[in-house]
Each structure stands twice: as structure tokens, then as C-alpha cells.
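Containing CSV, C-alpha atoms: data_8.csv.
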```
chain,number,residue,atom,x,y,z
A,238,MET,CA,81.0,100.9,48.3
A,239,VAL,CA,80.5,97.7,46.4
A,240,GLU,CA,77.2,96.6,44.8
A,241,MET,CA,76.1,93.1,45.7
A,242,GLN,CA,74.7,90.7,43.2
A,243,ARG,CA,71.3,89.3,43.9
A,244,ILE,CA,69.9,85.8,43.7
A,245,ASN,CA,66.2,85.1,42.8
A,246,PHE,CA,63.7,83.3,45.1
A,247,ASN,CA,61.0,80.9,44.0
A,248,ASP,CA,58.4,83.5,45.2
A,249,GLY,CA,59.5,86.2,42.8
A,250,LYS,CA,61.6,88.1,45.3
A,251,SER,CA,65.4,88.3,45.4
A,252,ILE,CA,68.2,88.4,48.0
A,253,PRO,CA,71.6,90.0,48.1
A,254,ALA,CA,74.1,87.1,47.6
A,255,ILE,CA,76.3,88.0,50.5
A,256,GLY,CA,74.9,88.6,54.0
A,257,TYR,CA,76.4,90.0,57.1
A,258,GLY,CA,75.6,87.8,60.1
A,259,SER,CA,75.1,88.8,63.8
A,260,GLY,CA,75.5,85.2,65.1
A,261,THR,CA,78.6,83.1,66.0
A,262,ALA,CA,81.1,85.8,67.1
A,263,TRP,CA,78.2,88.1,68.4
A,264,HIS,CA,75.9,85.4,69.9
A,265,LYS,CA,74.8,86.5,73.4
A,266,LYS,CA,75.3,83.2,75.3
A,267,ASP,CA,75.3,84.7,78.9
A,268,PRO,CA,71.8,85.2,80.2
A,269,ASN,CA,73.1,87.7,82.8
A,270,THR,CA,74.3,90.1,80.1
A,271,SER,CA,72.0,89.3,77.2
A,272,HIS,CA,70.0,92.5,78.0
A,273,VAL,CA,73.0,94.8,77.6
A,274,LEU,CA,73.3,96.5,74.2
A,275,ASN,CA,76.5,95.6,72.4
A,276,ARG,CA,77.6,98.9,70.9
A,277,GLU,CA,80.5,97.2,69.1
A,278,LEU,CA,78.0,95.0,67.1
A,279,VAL,CA,75.9,98.1,66.3
A,280,ASP,CA,78.9,99.8,64.8
A,281,SER,CA,80.0,96.6,63.1
A,282,VAL,CA,76.7,96.3,61.3
A,283,LYS,CA,76.7,100.0,60.4
A,284,ALA,CA,80.3,99.5,59.0
A,285,ALA,CA,79.1,96.5,56.9
A,286,ILE,CA,76.2,98.6,55.5
A,287,SER,CA,78.6,101.4,54.7
A,288,LEU,CA,80.8,99.0,52.7
A,289,GLY,CA,77.8,97.9,50.6
A,290,PHE,CA,76.2,95.1,52.6
A,291,ARG,CA,72.4,95.2,52.3
A,292,HIS,CA,71.6,91.7,53.6
A,293,ILE,CA,71.8,91.5,57.4
A,294,ASP,CA,71.1,88.2,59.2
A,295,THR,CA,70.0,87.9,62.8
A,296,ALA,CA,67.9,85.4,64.9
A,297,GLU,CA,65.9,85.1,68.1
A,298,MET,CA,68.6,82.6,69.3
A,299,TYR,CA,71.5,85.1,68.9
A,300,GLY,CA,69.9,87.8,71.0
A,301,THR,CA,71.2,90.5,68.7
A,302,GLU,CA,68.0,91.8,67.1
A,303,GLU,CA,68.1,95.0,69.2
A,304,GLU,CA,71.6,95.8,68.0
A,305,VAL,CA,70.7,95.1,64.4
A,306,GLY,CA,67.6,97.3,64.8
A,307,LYS,CA,69.7,100.2,66.2
A,308,ALA,CA,72.2,99.9,63.3
A,309,ILE,CA,69.3,100.0,60.8
A,310,LYS,CA,68.0,103.1,62.5
A,311,GLU,CA,71.3,104.9,62.5
A,312,CYS,CA,72.8,103.8,59.2
A,313,GLY,CA,70.9,106.3,57.0
A,314,VAL,CA,70.0,103.7,54.3
A,315,PRO,CA,66.3,103.5,53.4
A,316,ARG,CA,64.5,100.4,54.8
A,317,ASN,CA,63.5,99.3,51.3
A,318,GLU,CA,67.2,99.0,50.3
A,319,LEU,CA,67.9,96.6,53.1
A,320,PHE,CA,67.2,92.9,53.3
A,321,ILE,CA,66.7,91.7,56.9
A,322,THR,CA,66.5,88.0,58.0
A,323,THR,CA,65.6,86.6,61.4
A,324,LYS,CA,64.8,83.2,62.7
A,325,VAL,CA,62.5,81.5,65.2
A,326,SER,CA,63.9,78.8,67.5
A,327,LYS,CA,63.2,78.9,71.2
A,328,SER,CA,59.7,80.3,70.6
A,329,ILE,CA,58.8,77.8,67.9
A,330,LYS,CA,55.5,77.0,69.7
A,331,ASP,CA,54.2,80.4,68.5
A,332,PRO,CA,56.1,81.6,65.4
A,333,LYS,CA,53.7,84.6,65.0
A,334,LYS,CA,54.3,85.9,68.5
A,335,CYS,CA,58.0,85.4,68.1
A,336,LEU,CA,58.0,87.4,64.9
A,337,ASN,CA,56.0,90.2,66.5
A,338,ASN,CA,58.6,90.3,69.3
A,339,CYS,CA,61.4,90.3,66.8
A,340,LEU,CA,59.9,93.2,64.8
A,341,GLU,CA,59.5,95.2,68.0
A,342,LYS,CA,63.2,94.7,68.8
A,343,LEU,CA,64.2,95.5,65.2
A,344,GLY,CA,62.0,98.5,65.0
A,345,LEU,CA,60.5,97.2,61.8
A,346,ASP,CA,57.1,96.5,60.3
A,347,TYR,CA,58.2,93.4,58.4
A,348,VAL,CA,61.3,91.2,57.7
A,349,ASP,CA,62.4,90.2,54.2
A,350,LEU,CA,63.0,86.6,55.3
A,351,TYR,CA,61.8,84.6,58.3
A,352,LEU,CA,63.3,81.2,58.9
A,353,ILE,CA,62.5,78.2,61.2
A,354,HIS,CA,66.0,77.9,62.7
A,355,SER,CA,66.0,74.1,63.1
A,356,PRO,CA,63.7,71.0,62.5
A,357,PHE,CA,64.3,69.6,65.9
A,358,PHE,CA,60.9,70.2,67.5
A,359,SER,CA,57.7,68.1,67.7
A,360,PHE,CA,54.2,68.3,69.0
A,361,GLU,CA,55.1,65.8,71.8
A,362,LYS,CA,58.1,67.8,73.0
A,363,ASP,CA,57.3,71.4,72.1
A,364,GLY,CA,53.5,71.5,71.6
A,365,ILE,CA,53.6,72.2,67.9
A,366,SER,CA,54.1,70.0,64.8
A,367,HIS,CA,56.0,70.8,61.7
A,368,GLU,CA,52.7,71.2,59.8
A,369,SER,CA,51.3,73.7,62.3
A,370,ALA,CA,54.5,75.7,62.5
A,371,TRP,CA,54.8,75.9,58.7
A,372,ARG,CA,51.2,77.0,58.4
A,373,ALA,CA,51.9,79.8,60.8
A,374,MET,CA,54.9,80.8,58.6
A,375,GLU,CA,52.7,80.8,55.5
A,376,GLU,CA,50.1,83.0,57.3
A,377,LEU,CA,52.8,85.5,58.2
A,378,LYS,CA,53.9,85.7,54.6
A,379,GLU,CA,50.2,86.2,53.5
A,380,GLU,CA,49.9,89.0,56.1
A,381,GLY,CA,53.0,90.7,54.8
A,382,LYS,CA,55.0,90.5,58.1
A,383,ALA,CA,57.5,88.2,56.4
A,384,LYS,CA,58.0,88.9,52.7
A,385,SER,CA,59.6,85.4,52.2
A,386,ILE,CA,59.8,82.3,54.4
A,387,GLY,CA,62.3,79.5,54.7
A,388,VAL,CA,64.1,77.0,56.9
A,389,SER,CA,67.6,76.5,58.4
A,390,ASN,CA,69.5,73.3,59.2
A,391,TRP,CA,66.8,71.1,57.7
A,392,ARG,CA,68.0,67.7,56.5
A,393,ARG,CA,66.8,65.8,53.4
A,394,SER,CA,64.2,63.8,55.4
A,395,ASP,CA,63.0,67.0,57.1
A,396,LEU,CA,62.7,68.8,53.7
A,397,HIS,CA,60.9,65.9,52.1
A,398,HIS,CA,58.3,65.9,54.9
A,399,LEU,CA,57.9,69.7,54.7
A,400,LEU,CA,57.3,69.6,50.9
A,401,SER,CA,54.6,66.9,51.4
A,402,PHE,CA,52.3,69.4,53.0
A,403,ALA,CA,53.6,73.0,52.3
A,404,LYS,CA,51.3,75.2,50.3
A,405,ILE,CA,54.1,77.7,50.0
A,406,LYS,CA,57.6,76.3,49.5
A,407,PRO,CA,60.5,77.6,51.5
A,408,VAL,CA,62.7,80.0,49.5
A,409,VAL,CA,65.9,79.0,51.2
A,410,ASN,CA,67.5,76.3,53.4
A,411,GLN,CA,70.3,77.9,55.3
A,412,ILE,CA,72.9,75.2,56.2
A,413,GLU,CA,76.5,75.0,57.1
A,414,PHE,CA,78.4,74.6,53.8
A,415,ASN,CA,82.0,75.1,52.9
A,416,PRO,CA,84.8,73.1,51.1
A,417,TYR,CA,85.1,70.9,54.2
A,418,LEU,CA,81.4,70.3,54.6
A,419,GLN,CA,79.9,69.9,51.1
A,420,GLN,CA,76.4,68.7,51.7
A,421,GLU,CA,76.0,67.7,48.1
A,422,GLU,CA,72.8,65.5,48.4
A,423,LEU,CA,71.0,68.2,50.4
A,424,ASP,CA,72.2,70.9,48.1
A,425,ALA,CA,70.9,68.9,45.1
A,426,LEU,CA,67.5,68.4,46.8
A,427,ASN,CA,67.3,72.1,47.4
A,428,LYS,CA,68.0,72.8,43.7
A,429,GLU,CA,65.5,70.2,42.6
A,430,ASN,CA,62.8,72.0,44.5
A,431,ASP,CA,63.9,75.6,43.5
A,432,ILE,CA,65.0,76.2,47.1
A,433,GLN,CA,68.2,78.3,47.4
A,434,THR,CA,71.1,77.0,49.5
A,435,GLU,CA,72.2,79.6,51.9
A,436,CYS,CA,75.7,78.9,53.4
A,437,TYR,CA,76.8,79.8,56.9
A,438,SER,CA,80.3,79.2,58.2
A,439,PRO,CA,81.7,79.7,54.7
A,440,LEU,CA,85.1,80.7,56.2
A,441,SER,CA,85.4,77.7,58.5
A,442,PRO,CA,88.4,76.3,56.7
A,443,ILE,CA,90.5,79.3,57.7
A,444,ILE,CA,88.9,80.1,61.0
A,445,HIS,CA,88.5,76.7,62.6
A,446,LYS,CA,90.8,74.5,60.5
A,447,SER,CA,93.7,76.7,59.6
A,448,ASP,CA,96.1,73.8,59.5
A,449,GLY,CA,93.9,71.6,57.3
A,450,PRO,CA,94.7,70.3,53.9
A,451,LEU,CA,93.2,73.3,52.2
A,452,SER,CA,95.6,75.7,53.9
A,453,PRO,CA,98.5,75.5,51.4
A,454,ILE,CA,96.2,75.5,48.5
A,455,LEU,CA,94.4,78.6,49.7
A,456,SER,CA,97.7,80.3,50.4
A,457,GLU,CA,99.0,79.5,46.9
A,458,ILE,CA,95.9,80.8,45.2
A,459,SER,CA,95.9,83.9,47.3
A,460,SER,CA,99.5,84.7,46.4
A,461,ARG,CA,98.9,84.0,42.7
A,462,ILE,CA,95.7,86.1,42.2
A,463,GLY,CA,96.2,88.7,44.8
A,464,LYS,CA,93.0,88.0,46.7
A,465,SER,CA,92.6,87.2,50.4
A,466,GLU,CA,91.8,83.6,51.5
A,467,SER,CA,88.4,84.9,52.8
A,468,GLN,CA,87.6,86.3,49.3
A,469,ILE,CA,88.5,83.0,47.7
A,470,LEU,CA,86.3,81.0,50.0
A,471,LEU,CA,83.3,83.3,49.5
A,472,ALA,CA,83.8,83.2,45.8
A,473,TRP,CA,83.8,79.4,45.9
A,474,SER,CA,80.2,79.4,47.1
A,475,LEU,CA,79.0,82.4,45.1
A,476,ASN,CA,80.4,81.1,41.8
A,477,GLN,CA,78.2,78.0,42.3
A,478,GLY,CA,75.1,80.2,42.7
A,479,ARG,CA,74.8,79.9,46.5
A,480,ILE,CA,74.0,82.6,49.0
A,481,VAL,CA,76.6,83.1,51.8
A,482,VAL,CA,76.4,84.7,55.2
A,483,THR,CA,79.6,85.6,57.0
A,484,THR,CA,79.8,86.6,60.6
A,485,SER,CA,83.4,87.8,60.4
A,486,SER,CA,84.0,90.8,62.7
```
Kindly return the structure encoded in the file as C-alpha cells.
Amino acid sequence: MVEMQRINFNDGKSIPAIGYGSGTAWHKKDPNTSHVLNRELVDSVKAAISLGFRHIDTAEMYGTEEEVGKAIKECGVPRNELFITTKVSKSIKDPKKCLNNCLEKLGLDYVDLYLIHSPFFSFEKDGISHESAWRAMEELKEEGKAKSIGVSNWRRSDLHHLLSFAKIKPVVNQIEFNPYLQQEELDALNKENDIQTECYSPLSPIIHKSDGPLSPILSEISSRIGKSESQILLAWSLNQGRIVVTTSS
């Protein structure tokens, strides 16, 4: 088992630097089978925990909270040693109700991190403004149901707007980030406001662009230092102080 380094949040809490994700490869996209428990995912999350992962990432959108909850129940690791993230998206009109539903599926009393999955909602379209949604998030933190709160996929303009009225700043902005998609200006804005950049799709260069310009470079480094290309890409983000979430099965 390996021990994961931790990264500090602006609210005094901290997060394991590498998270195991239950989206992408595990995302339940077929509504006809979304109610069926994916035992393979349960076992995969348990295996990740047995290898030392303590940070597990899920979301309302993925439909995998029940599997994550079952893995938590079966893994034998105390709840206070685990760091669980979930996100609100489809139910953004009522972030509190969404979290209560998520907690029921997870079998938990609280999550360590609760994120608004995207900024693409409005009062006109969805019946709730950014201000009202964030206030609900702040109240959930104050109630202890979410130990920390943050956002995902928020652009610079979205973040500037949020920071203009937030009483509690987000601790993270979870965004797609890898050598092929270096969102430098957004990453800089996160840092300026003591918001951690959490990277998803960190392995995209070898999963989706295996014939890209990085391919021979990664292959050469891998041969030279005796590490896998996945390890090299994860280290690229970690060594710059970012959090990473990998959904590799």
C-alpha cells in the first residue's frame, strides 16, 4: 500500500493529491440500465482503496454513487480515513436535496467535498441563479453535510462572478488539465485566489491521443527512468502542486 501526499485547502482542510474517479469509463449513460448495480465498479473502487487510494470521486451525473457507497461499506477502511467527493448537476435547482439523495446512496452522513459540476445554468433556464446555488452550498458546509465546497469546469469569467459574491470561497476548481490542455490563465486565477486546481483526464495524452507529439517523448522518458507513461503524466501534474483524479480501470 502506498501513502498519498495531501494538498491543503483554503478552509484549513486537506485532500489526498490523487483521487480515484468513478466517471468516464464507469459513467452510466443508458437510463434503462442505470438502476443496475455495477459490481465491477464496486470491486474496482475496493481495489483502489486496498492499493492506498483514499480520495474517491463520484457525481450525481455519473450514476455511480451507489457503487461507491457499497465499496466504502465493504472496504474495511474507517470512514474518517476516506475522502469522498460528489457533484451536483442535473438537480442544480436544489443542491441541498441533491446532496441528501447522494448521501443516502453513498450511505454516509457527510461528504468531504461537494462541487457544482458546471456553471452552465441560470435562473431563466433552470430556476436558480449562481448566487442562490452557491449560498445553498455555503449553508451545506455550515451544516456539516459537506466539509468543503467547490466548483468544476468553471471558466475565468464564471469564477470572477462567483468570487464577487461568495462568503465562502471554493476550495477547488476541477477542470480538464493535461499537457495537451494546459489552461494556464485559469490555473493562474485559481492560484491567485487560493483555489486548488484539480485535474481530470490527466492521462488523455495516452488514452485519447496515443499518436500525438508527446508519444515518442513519453516513451523515451519511460524507458530511461523505468516508470510507466501513466506515472509520468500523473507526476507532471502532481509536481506542479495540482490535485489529479484518474478514472483508469
What are the closest atom pairs, with distances in Å to one decimal, for all residues of region 292-370 of chain A lying within 8 Å of region 383-394 of chain A? Consider only C-alpha atoms, order rows by chain and residue number, and present the result as a Markdown table.
```
| residue | atom | partner | partner_atom | distance |
| --- | --- | --- | --- | --- |
| A:Tyr347 | CA | A:Ala383 | CA | 5.6 |
| A:Val348 | CA | A:Ala383 | CA | 5.0 |
| A:Asp349 | CA | A:Lys384 | CA | 4.8 |
| A:Leu350 | CA | A:Ser385 | CA | 4.8 |
| A:Tyr351 | CA | A:Ile386 | CA | 4.9 |
| A:Leu352 | CA | A:Gly387 | CA | 4.6 |
| A:Ile353 | CA | A:Val388 | CA | 4.7 |
| A:His354 | CA | A:Ser389 | CA | 4.8 |
| A:Ser355 | CA | A:Asn390 | CA | 5.3 |
| A:Pro356 | CA | A:Trp391 | CA | 5.7 |
```
Query raised in the report: With distances taken over all atoms listed in the file, which of A:His272, A:His445, A:Lys382, A:Lys250 is nearest to Lys333 (chain A)?
Result: A:Lys382
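Counting only C-alpha atoms and comparing A:Ile286, A:Lys310, A:Ser328, A:Glu375, the residue that lies closest to Lys406 (chain A) is A:Glu375.
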Report task. Just give me the residues with any atom within 10 Å of (53.6, 89.2, 63.3), file coordinates, counting all atoms listed in the file, written as a ChimeraX atom specification. Result -> /A:332-341,346-348,373-374,376-378,380-383
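Take CA of Leu343 (chain A) and CA of Leu471 (chain A): the distance between them is 27.6 Å.
Coordinates place CA of Ile458 (chain A) at a distance of 28.8 Å from CA of Gly260 (chain A).
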Query raised in the report: When you draw a straight line from CA of Val482 (chain A) to CA of Thr261 (chain A), how long is it in Å?
Result: 11.1 Å
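Comparing the minimum interatomic distances between Ala254 (chain A) and each of A:Val314, A:Cys436, A:Leu451, A:Leu400, counting all atoms listed in the file, we find that A:Cys436 sits nearest.
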Query raised in the report: Which of these residues is nearest to Asp267 (chain A), using only C-alpha atoms: A:Gly300, A:Val305, A:Phe246, A:Lys283?
Result: A:Gly300
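Of the listed residues A:Gly289, A:Gly249, A:Pro453, A:Pro439, the one whose atoms come nearest to Leu475 (chain A) is A:Pro439, with distances taken using only C-alpha atoms.
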**Report entry** Surrounding residues of Thr434 (chain A) excluding itself and chain neighbours under 5 positions, 6 Å, all atoms listed in the file, as a VMD selection string
**Finding:** chain A and resid 409 to 411 479
